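*Asks:* Dropping in upload-v8.cif, which is mmCIF, C-alpha atoms:
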data_run
#
loop_
_atom_site.group_PDB
_atom_site.id
_atom_site.type_symbol
_atom_site.label_atom_id
_atom_site.label_comp_id
_atom_site.auth_asym_id
_atom_site.auth_seq_id
_atom_site.Cartn_x
_atom_site.Cartn_y
_atom_site.Cartn_z
ATOM 1 C CA PRO B 268 -21.107 -137.861 3.942
ATOM 2 C CA ARG B 269 -22.092 -136.033 7.131
ATOM 3 C CA THR B 270 -22.920 -139.121 9.176
ATOM 4 C CA CYS B 271 -20.831 -141.730 7.291
ATOM 5 C CA LYS B 272 -23.809 -144.045 7.575
ATOM 6 C CA ILE B 273 -24.189 -146.739 4.916
ATOM 7 C CA THR B 274 -27.436 -146.082 3.043
ATOM 8 C CA GLY B 275 -27.324 -148.827 0.436
ATOM 9 C CA ALA B 276 -25.200 -151.098 -1.759
ATOM 10 C CA ILE B 277 -24.819 -151.866 -5.450
ATOM 11 C CA HIS B 278 -24.169 -155.471 -6.428
ATOM 12 C CA THR B 279 -21.465 -155.712 -9.076
ATOM 13 C CA GLY B 280 -22.123 -159.272 -10.281
ATOM 14 C CA GLN B 281 -19.775 -162.202 -10.690
ATOM 15 C CA ALA B 282 -16.592 -162.407 -12.738
ATOM 16 C CA PRO B 283 -16.612 -165.531 -14.967
ATOM 17 C CA SER B 284 -12.827 -165.952 -14.666
ATOM 18 C CA THR B 285 -12.796 -166.301 -10.864
ATOM 19 C CA GLY B 286 -16.383 -167.128 -9.938
ATOM 20 C CA SER B 287 -16.264 -164.426 -7.278
ATOM 21 C CA TYR B 288 -17.764 -160.944 -7.297
ATOM 22 C CA ASN B 289 -16.218 -158.390 -9.625
ATOM 23 C CA SER B 290 -13.538 -156.483 -7.782
ATOM 24 C CA THR B 291 -14.091 -152.734 -7.661
ATOM 25 C CA GLU B 292 -11.104 -150.394 -7.574
ATOM 26 C CA GLN B 293 -11.734 -146.784 -8.623
ATOM 27 C CA MET B 294 -14.686 -144.682 -9.717
ATOM 28 C CA ALA B 295 -15.029 -141.863 -12.238
ATOM 29 C CA GLN B 296 -18.250 -140.024 -13.061
ATOM 30 C CA TYR B 297 -19.604 -138.477 -16.240
ATOM 31 C CA ASP B 298 -23.138 -137.089 -16.127
ATOM 32 C CA LYS B 299 -25.218 -139.685 -14.269
ATOM 33 C CA TRP B 300 -22.907 -142.551 -15.203
ATOM 34 C CA VAL B 301 -20.417 -143.836 -12.677
ATOM 35 C CA PHE B 302 -17.638 -146.004 -14.131
ATOM 36 C CA VAL B 303 -15.949 -148.609 -11.943
ATOM 37 C CA ASN B 304 -12.925 -150.641 -13.002
ATOM 38 C CA CYS B 305 -12.658 -154.324 -12.080
ATOM 39 C CA TRP B 306 -8.974 -155.015 -11.568
ATOM 40 C CA SER B 307 -8.375 -158.552 -10.247
ATOM 41 C CA TYR B 308 -8.013 -160.833 -13.308
ATOM 42 C CA SER B 309 -10.859 -159.009 -15.057
ATOM 43 C CA ASN B 310 -11.177 -156.869 -18.180
ATOM 44 C CA LYS B 311 -14.382 -155.057 -17.282
ATOM 45 C CA ILE B 312 -15.428 -151.513 -16.554
ATOM 46 C CA LEU B 313 -18.862 -151.391 -14.951
ATOM 47 C CA VAL B 314 -21.323 -148.620 -15.817
ATOM 48 C CA ILE B 315 -23.590 -147.656 -12.930
ATOM 49 C CA ASP B 316 -26.682 -145.499 -13.271
ATOM 50 C CA SER B 317 -26.397 -143.203 -10.249
ATOM 51 C CA GLU B 318 -30.125 -142.418 -10.374
ATOM 52 C CA GLN B 319 -31.094 -146.092 -10.104
ATOM 53 C CA ASP B 320 -28.056 -147.290 -8.153
ATOM 54 C CA LYS B 321 -27.507 -150.350 -10.289
ATOM 55 C CA VAL B 322 -25.112 -151.690 -12.921
ATOM 56 C CA VAL B 323 -26.595 -151.109 -16.368
ATOM 57 C CA HIS B 324 -23.683 -152.051 -18.631
ATOM 58 C CA GLU B 325 -20.232 -153.638 -18.747
ATOM 59 C CA ILE B 326 -17.472 -152.340 -21.026
ATOM 60 C CA GLU B 327 -15.135 -155.172 -21.978
ATOM 61 C CA LEU B 328 -11.533 -154.379 -22.854
ATOM 62 C CA ARG B 329 -9.092 -156.527 -24.819
ATOM 63 C CA SER B 330 -6.421 -156.087 -22.138
ATOM 64 C CA ILE B 331 -6.969 -157.353 -18.606
ATOM 65 C CA GLN B 332 -6.730 -155.715 -15.192
ATOM 66 C CA PRO B 333 -7.767 -152.066 -15.569
ATOM 67 C CA ASN B 334 -6.167 -150.392 -12.547
ATOM 68 C CA SER B 335 -7.145 -146.717 -12.824
ATOM 69 C CA LEU B 336 -9.668 -144.360 -14.441
ATOM 70 C CA VAL B 337 -10.084 -140.646 -15.179
ATOM 71 C CA VAL B 338 -12.488 -138.505 -17.230
ATOM 72 C CA ASP B 339 -11.075 -135.651 -19.327
ATOM 73 C CA ARG B 340 -12.458 -132.251 -20.308
ATOM 74 C CA ASN B 341 -13.811 -133.647 -23.593
ATOM 75 C CA GLY B 342 -16.065 -136.222 -21.979
ATOM 76 C CA LYS B 343 -13.690 -139.118 -22.619
ATOM 77 C CA LEU B 344 -13.092 -141.870 -20.108
ATOM 78 C CA TRP B 345 -9.476 -143.043 -19.894
ATOM 79 C CA ALA B 346 -8.667 -146.483 -18.499
ATOM 80 C CA LEU B 347 -5.193 -147.907 -17.880
ATOM 81 C CA THR B 348 -4.581 -151.672 -17.685
ATOM 82 C CA ASP B 349 -1.499 -153.561 -16.499
ATOM 83 C CA GLY B 350 -2.184 -156.735 -18.493
ATOM 84 C CA GLY B 351 -1.636 -159.155 -15.614
ATOM 85 C CA TYR B 352 1.674 -160.966 -15.223
ATOM 86 C CA ALA B 353 3.647 -163.773 -16.817
ATOM 87 C CA GLY B 354 2.656 -167.212 -15.586
ATOM 88 C CA SER B 355 -0.755 -166.154 -14.310
ATOM 89 C CA GLU B 356 -3.420 -168.836 -14.607
ATOM 90 C CA TYR B 357 -5.730 -166.105 -15.862
ATOM 91 C CA GLY B 358 -3.385 -165.206 -18.694
ATOM 92 C CA GLN B 359 -1.418 -162.105 -19.628
ATOM 93 C CA THR B 360 -2.031 -159.433 -22.245
ATOM 94 C CA GLU B 361 -0.187 -156.323 -23.326
ATOM 95 C CA PRO B 362 -0.895 -153.397 -20.974
ATOM 96 C CA CYS B 363 -3.025 -150.724 -22.653
ATOM 97 C CA LEU B 364 -4.336 -147.215 -22.238
ATOM 98 C CA TYR B 365 -7.903 -146.834 -23.517
ATOM 99 C CA ARG B 366 -9.888 -143.803 -24.564
ATOM 100 C CA ILE B 367 -13.622 -144.423 -24.273
ATOM 101 C CA ASP B 368 -16.538 -142.154 -25.126
ATOM 102 C CA ALA B 369 -18.186 -141.631 -21.736
ATOM 103 C CA ALA B 370 -21.586 -140.922 -23.303
ATOM 104 C CA THR B 371 -21.794 -143.886 -25.694
ATOM 105 C CA TRP B 372 -19.421 -146.297 -23.835
ATOM 106 C CA ARG B 373 -17.627 -147.040 -27.084
ATOM 107 C CA VAL B 374 -13.879 -147.730 -27.055
ATOM 108 C CA GLU B 375 -12.337 -145.143 -29.401
ATOM 109 C CA GLN B 376 -8.618 -145.808 -29.142
ATOM 110 C CA GLU B 377 -6.183 -148.307 -27.654
ATOM 111 C CA PHE B 378 -2.563 -147.406 -26.869
ATOM 112 C CA VAL B 379 -0.540 -150.603 -26.467
ATOM 113 C CA PHE B 380 2.542 -151.067 -24.270
ATOM 114 C CA GLU B 381 5.053 -153.911 -24.101
ATOM 115 C CA LYS B 382 4.253 -156.927 -21.908
ATOM 116 C CA GLU B 383 7.323 -156.179 -19.794
ATOM 117 C CA GLU B 384 5.890 -152.789 -18.825
ATOM 118 C CA TYR B 385 3.558 -152.262 -15.885
ATOM 119 C CA PRO B 386 1.753 -148.901 -16.187
ATOM 120 C CA SER B 387 -0.426 -147.776 -13.285
ATOM 121 C CA GLU B 388 -1.852 -144.849 -11.292
ATOM 122 C CA LEU B 389 -3.451 -142.881 -14.109
ATOM 123 C CA CYS B 390 -4.055 -139.231 -13.098
ATOM 124 C CA ILE B 391 -5.191 -136.068 -14.843
ATOM 125 C CA ASN B 392 -4.452 -132.380 -14.278
ATOM 126 C CA GLY B 393 -7.006 -129.827 -13.097
ATOM 127 C CA ALA B 394 -7.715 -128.590 -16.622
ATOM 128 C CA GLY B 395 -8.548 -132.120 -17.718
ATOM 129 C CA ASP B 396 -6.248 -132.050 -20.731
ATOM 130 C CA VAL B 397 -3.038 -133.790 -19.597
ATOM 131 C CA LEU B 398 -2.636 -137.357 -18.355
ATOM 132 C CA TYR B 399 0.078 -138.626 -16.028
ATOM 133 C CA PHE B 400 0.848 -142.226 -15.088
ATOM 134 C CA ILE B 401 3.563 -144.440 -13.682
ATOM 135 C CA ASN B 402 5.487 -146.597 -16.128
ATOM 136 C CA ASP B 403 8.810 -147.115 -14.368
ATOM 137 C CA GLY B 404 9.214 -143.309 -14.383
ATOM 138 C CA ILE B 405 6.405 -140.753 -14.622
ATOM 139 C CA CYS B 406 4.889 -140.344 -18.089
ATOM 140 C CA LYS B 407 2.952 -137.361 -19.410
ATOM 141 C CA MET B 408 0.488 -137.428 -22.279
ATOM 142 C CA SER B 409 -1.941 -134.939 -23.810
ATOM 143 C CA VAL B 410 -5.535 -136.142 -24.158
ATOM 144 C CA THR B 411 -5.281 -135.255 -27.869
ATOM 145 C CA ALA B 412 -2.060 -137.225 -28.457
ATOM 146 C CA ALA B 413 -2.018 -139.764 -31.282
ATOM 147 C CA HIS B 414 0.662 -141.912 -29.644
ATOM 148 C CA ALA B 415 1.717 -142.954 -26.165
ATOM 149 C CA PRO B 416 4.806 -141.159 -24.804
ATOM 150 C CA VAL B 417 8.116 -142.711 -25.829
ATOM 151 C CA ARG B 418 10.102 -141.294 -22.886
ATOM 152 C CA PRO B 419 9.078 -140.350 -19.347
ATOM 153 C CA LEU B 420 8.675 -136.814 -18.077
ATOM 154 C CA ILE B 421 10.462 -137.912 -14.895
ATOM 155 C CA PRO B 422 12.928 -140.765 -15.536
ATOM 156 C CA ASN B 423 13.517 -143.325 -12.812
ATOM 157 C CA GLU B 424 17.286 -143.428 -13.213
ATOM 158 C CA ARG B 425 17.893 -144.096 -9.515
ATOM 159 C CA ARG B 426 15.518 -147.096 -9.591
ATOM 160 C CA HIS B 427 13.084 -145.833 -6.981
ATOM 161 C CA GLN B 428 10.125 -148.030 -6.034
ATOM 162 C CA ILE B 429 7.570 -145.603 -7.444
ATOM 163 C CA TYR B 430 4.282 -146.666 -5.926
ATOM 164 C CA GLY B 431 1.979 -143.650 -5.856
ATOM 165 C CA LEU B 432 1.110 -140.638 -7.991
ATOM 166 C CA ALA B 433 -1.123 -137.582 -7.648
ATOM 167 C CA VAL B 434 -1.458 -134.221 -9.401
ATOM 168 C CA ASP B 435 -2.554 -131.051 -7.597
ATOM 169 C CA PRO B 436 -5.598 -129.819 -9.570
ATOM 170 C CA THR B 437 -4.811 -126.171 -8.756
ATOM 171 C CA SER B 438 -1.034 -125.837 -8.964
ATOM 172 C CA GLY B 439 -0.407 -128.736 -11.331
ATOM 173 C CA GLU B 440 2.408 -129.981 -9.098
ATOM 174 C CA ILE B 441 3.146 -133.695 -9.292
ATOM 175 C CA TYR B 442 3.464 -135.850 -6.167
ATOM 176 C CA VAL B 443 5.420 -139.099 -6.537
ATOM 177 C CA GLY B 444 5.485 -141.763 -3.816
ATOM 178 C CA ASP B 445 8.626 -143.881 -3.365
ATOM 179 C CA ALA B 446 8.085 -147.024 -1.270
ATOM 180 C CA ILE B 447 11.892 -147.561 -1.138
ATOM 181 C CA ASP B 448 11.909 -151.194 0.064
ATOM 182 C CA PHE B 449 8.358 -151.430 1.510
ATOM 183 C CA GLU B 450 9.851 -151.678 5.022
ATOM 184 C CA GLN B 451 11.453 -148.358 5.956
ATOM 185 C CA PRO B 452 9.549 -145.036 5.818
ATOM 186 C CA GLY B 453 8.823 -144.003 2.249
ATOM 187 C CA VAL B 454 9.361 -140.626 0.604
ATOM 188 C CA VAL B 455 7.043 -138.370 -1.400
ATOM 189 C CA TYR B 456 8.692 -136.126 -3.992
ATOM 190 C CA ARG B 457 6.998 -132.980 -5.280
ATOM 191 C CA TYR B 458 7.752 -131.814 -8.828
ATOM 192 C CA ARG B 459 6.876 -128.821 -10.960
ATOM 193 C CA ASP B 460 6.036 -129.665 -14.580
ATOM 194 C CA THR B 461 8.121 -127.358 -16.760
ATOM 195 C CA GLY B 462 6.877 -128.682 -20.093
ATOM 196 C CA GLN B 463 9.338 -131.190 -21.510
ATOM 197 C CA SER B 464 10.755 -132.072 -18.096
ATOM 198 C CA ALA B 465 9.989 -131.638 -14.402
ATOM 199 C CA GLU B 466 11.797 -129.788 -11.623
ATOM 200 C CA LEU B 467 12.038 -131.187 -8.114
ATOM 201 C CA VAL B 468 10.513 -128.792 -5.559
ATOM 202 C CA ASP B 469 10.966 -130.721 -2.304
ATOM 203 C CA SER B 470 10.204 -133.994 -0.553
ATOM 204 C CA PHE B 471 8.364 -135.301 2.499
ATOM 205 C CA GLY B 472 8.683 -138.326 4.775
ATOM 206 C CA GLY B 473 11.583 -140.731 4.948
ATOM 207 C CA ASN B 474 14.380 -140.317 7.470
ATOM 208 C CA ALA B 475 16.611 -137.287 8.007
ATOM 209 C CA THR B 476 19.536 -138.681 6.019
ATOM 210 C CA GLN B 477 17.340 -139.333 2.980
ATOM 211 C CA ARG B 478 15.944 -135.807 3.104
ATOM 212 C CA LEU B 479 19.401 -134.254 3.368
ATOM 213 C CA ARG B 480 20.668 -136.371 0.479
ATOM 214 C CA ILE B 481 17.854 -134.993 -1.630
ATOM 215 C CA GLN B 482 18.588 -131.410 -0.580
ATOM 216 C CA ILE B 483 22.303 -131.694 -1.335
ATOM 217 C CA GLY B 484 21.650 -133.526 -4.584
ATOM 218 C CA ASN B 485 19.534 -130.677 -5.901
ATOM 219 C CA ARG B 486 22.000 -127.945 -5.113
ATOM 220 C CA HIS B 487 24.488 -126.778 -7.648
ATOM 221 C CA GLU B 488 27.943 -128.157 -6.826
ATOM 222 C CA LYS B 489 29.274 -124.730 -5.862
ATOM 223 C CA ASP B 490 26.375 -124.301 -3.421
ATOM 224 C CA ALA B 491 27.063 -127.653 -1.759
ATOM 225 C CA LEU B 492 30.799 -127.155 -1.222
ATOM 226 C CA PRO B 493 30.544 -124.503 1.553
ATOM 227 C CA ALA B 494 28.241 -126.796 3.540
ATOM 228 C CA ARG B 495 30.744 -129.631 3.236
ATOM 229 C CA ARG B 496 33.683 -127.418 4.308
ATOM 230 C CA THR B 497 31.698 -126.120 7.274
ATOM 231 C CA ALA B 498 30.807 -129.664 8.272
ATOM 232 C CA ARG B 499 34.446 -130.747 8.179
ATOM 233 C CA ARG B 500 35.502 -127.783 10.327
ATOM 234 C CA ARG B 501 32.839 -128.593 12.902
ATOM 235 C CA LEU B 502 33.844 -132.230 12.955
ATOM 236 C CA ARG B 503 37.456 -131.285 13.650
ATOM 237 C CA ARG B 504 36.335 -129.072 16.529
ATOM 238 C CA GLY B 505 34.481 -132.015 18.032
ATOM 239 C CA ARG B 506 31.155 -130.284 18.499
ATOM 240 C CA THR B 507 28.321 -132.575 19.550
ATOM 241 C CA ASN B 508 25.315 -130.269 19.573
ATOM 242 C CA ARG B 509 22.257 -130.679 17.360
ATOM 243 C CA HIS B 510 23.591 -128.275 14.742
ATOM 244 C CA LEU B 511 26.687 -130.442 14.365
ATOM 245 C CA GLY B 512 24.476 -133.495 13.888
ATOM 246 C CA THR B 513 22.804 -131.766 10.963
ATOM 247 C CA ALA B 514 26.146 -130.737 9.480
ATOM 248 C CA THR B 515 27.445 -134.295 9.827
ATOM 249 C CA HIS B 516 24.499 -135.595 7.821
ATOM 250 C CA HIS B 517 25.229 -132.935 5.191
ATOM 251 C CA TYR B 518 28.812 -134.173 5.030
ATOM 252 C CA ALA B 519 27.798 -137.809 4.670
ATOM 253 C CA ALA B 520 25.108 -137.001 2.133
ATOM 254 C CA GLY B 521 27.263 -134.646 0.100
ATOM 255 C CA GLY B 522 29.293 -137.334 -1.587
ATOM 256 C CA GLN B 523 32.456 -137.166 0.583
ATOM 257 C CA ARG B 524 31.797 -140.508 2.203
ATOM 258 C CA PRO B 525 30.814 -143.716 0.386
ATOM 259 C CA LEU B 526 27.077 -144.351 0.518
ATOM 260 C CA PRO B 527 25.547 -147.856 0.576
ATOM 261 C CA ARG B 528 23.865 -149.059 -2.565
ATOM 262 C CA GLU B 529 21.614 -151.992 -3.337
ATOM 263 C CA GLY B 530 23.304 -155.345 -2.925
ATOM 264 C CA GLY B 531 25.794 -154.068 -0.349
ATOM 265 C CA ALA B 532 28.182 -152.405 -2.836
ATOM 266 C CA ARG B 533 29.572 -149.053 -1.749
ATOM 267 C CA THR B 534 30.486 -146.153 -3.942
ATOM 268 C CA ALA B 535 31.050 -142.432 -3.614
ATOM 269 C CA HIS B 536 28.865 -140.210 -5.752
ATOM 270 C CA ARG B 537 26.992 -136.932 -5.667
ATOM 271 C CA PRO B 538 23.386 -137.777 -4.806
ATOM 272 C CA GLU B 539 20.713 -137.058 -7.366
ATOM 273 C CA LEU B 540 17.012 -137.579 -7.149
ATOM 274 C CA TYR B 541 16.469 -139.706 -10.192
#
Show how you would write the structure in this file as structure tokens.
*Replies:*
Amino acid sequence: PRTCKITGAIHTGQAPSTGSYNSTEQMAQYDKWVFVNCWSYSNKILVIDSEQDKVVHEIELRSIQPNSLVVDRNGKLWALTDGGYAGSEYGQTEPCLYRIDAATWRVEQEFVFEKEEYPSELCINGAGDVLYFINDGICKMSVTAAHAPVRPLIPNERRHQIYGLAVDPTSGEIYVGDAIDFEQPGVVYRYRDTGQSAELVDSFGGNATQRLRIQIGNRHEKDALPARRTARRRLRRGRTNRHLGTATHHYAAGGQRPLPREGGARTAHRPELY
């Protein structure tokens, strides 16, 4: 890690379904075993002996395309699959969340989702006892749970393009990446897990209008009204300084003007995050 010099390589073997080398996505370690998920059209998790630097075993899952891995505080490996997609020449299965004994490599439990779902980005908190993952919204699940969550911790009511997820191991805060339309600058939202729900703390990235919409949307209505009145007064006075520009964005974001929505339709509403 000091020199960033490549000191060796571990061959992962060929995937029978594609004839090419097994794809390698993420790694998770337990004791001397390093687990690597093979995502592209595969159903394998490779087990690497870190003392020998070679693949010593392959864990085969019923569901295909494991996309993320974590190890919990109880020595269990968790693997999340997306199941592929409809019409794929390699087939499609139900997406699943697997709990695997990291010491024996035995699959202990399979949590099955619907084929129409696409779970991804499995994460774990710093204590190693709570899982988070994307499944339209952000789902939360205890490592001792008997069932998969039936509703998200953070719903995706505004239909964001949720594309990334991370959990601060110290604070437990949740970072959610919104790709928006994969063309304009995206936004990262930071949440505080309050137990049965999550509270928005702030956001990063995106453009100024998006950030101000988020700020206004999270204020109580009575807190937002003075900003709107101030903005209208400044507009009438015809000020053109930088402070006016900020106030104008507050006015536009505060629900007084119609905001564009997907498909070109326009409607007036008080912005919310999700």
*Asks:* Within 8 Å of stretch 350-355 of chain B, counting all atoms listed in the file, which residues show up once you throw out same-chain ones fewer than 2 positions away? Write them as a list in words, please.
*Replies:*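 The contact residues come out as Tyr308, Ser330, Ile331, Gln332, Pro333, Thr348, Tyr357, Gly358, Gln359, Thr360, Glu361, Pro362, Cys363, Lys382 and Tyr385 of chain B.
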*Asks:* Between atom CA of B:Ile315 and atom CA of B:Thr270, what is the distance, to one decimal in Å?
*Replies:*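 We find that atom CA of B:Ile315 and atom CA of B:Thr270 lie 23.7 Å from each other.
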*Asks:* Between B:Glu450, B:Glu377, B:Glu356, B:Asp445, which one has atoms that come closest to B:Phe471, using all atoms listed in the file?
*Replies:*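 Under the stated criterion, the closest residue is B:Asp445.
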*Asks:* Which of these residues is nearest to B:Gly431, using all atoms listed in the file: B:Pro416, B:Gly453, B:Pro268, B:Gly473?
*Replies:* B:Gly453
*Asks:* Could you work out how far atom CA of B:Val303 lies from atom CA of B:Ser290, giving the answer in Å with one decimal?
*Replies:*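 Atom CA of B:Val303 lies at a distance of 9.2 Å from atom CA of B:Ser290.
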*Asks:* Find the distance between atom CA of B:Asp298 and atom CA of B:Ile391 and write it in Å to one decimal.
*Replies:*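 Interatomic distance here is 18.0 Å.
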*Asks:* I'd like to know which of B:Ala295, B:Ala346, B:Leu467, B:Val314 is closest to B:Trp372, using only C-alpha atoms.
*Replies:*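 Looking only at the distances to B:Trp372, the closest residue turns out to be B:Val314.
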*Asks:* If the PyMOL selection byres ((chain B and resi 323) around 12) is run on the structure shown, which residues does it catch, given as a PyMOL selection string?
*Replies:* chain B and resi 277-280+299-303+312-322+324-326+372
*Asks:* Mind telling me what the PyMOL selection byres ((chain B and resi 337) around 9) catches here, as number ranges by chain?
*Replies:* B: 294-296, 335-336, 338-339, 343-346, 389-391, 398
*Asks:* Any chance you could work out the residue set of the PyMOL selection byres ((chain B and resi 397) around 8) here, as a ChimeraX atom specification?
*Replies:* /B:391-392,394-396,398-399,407-410
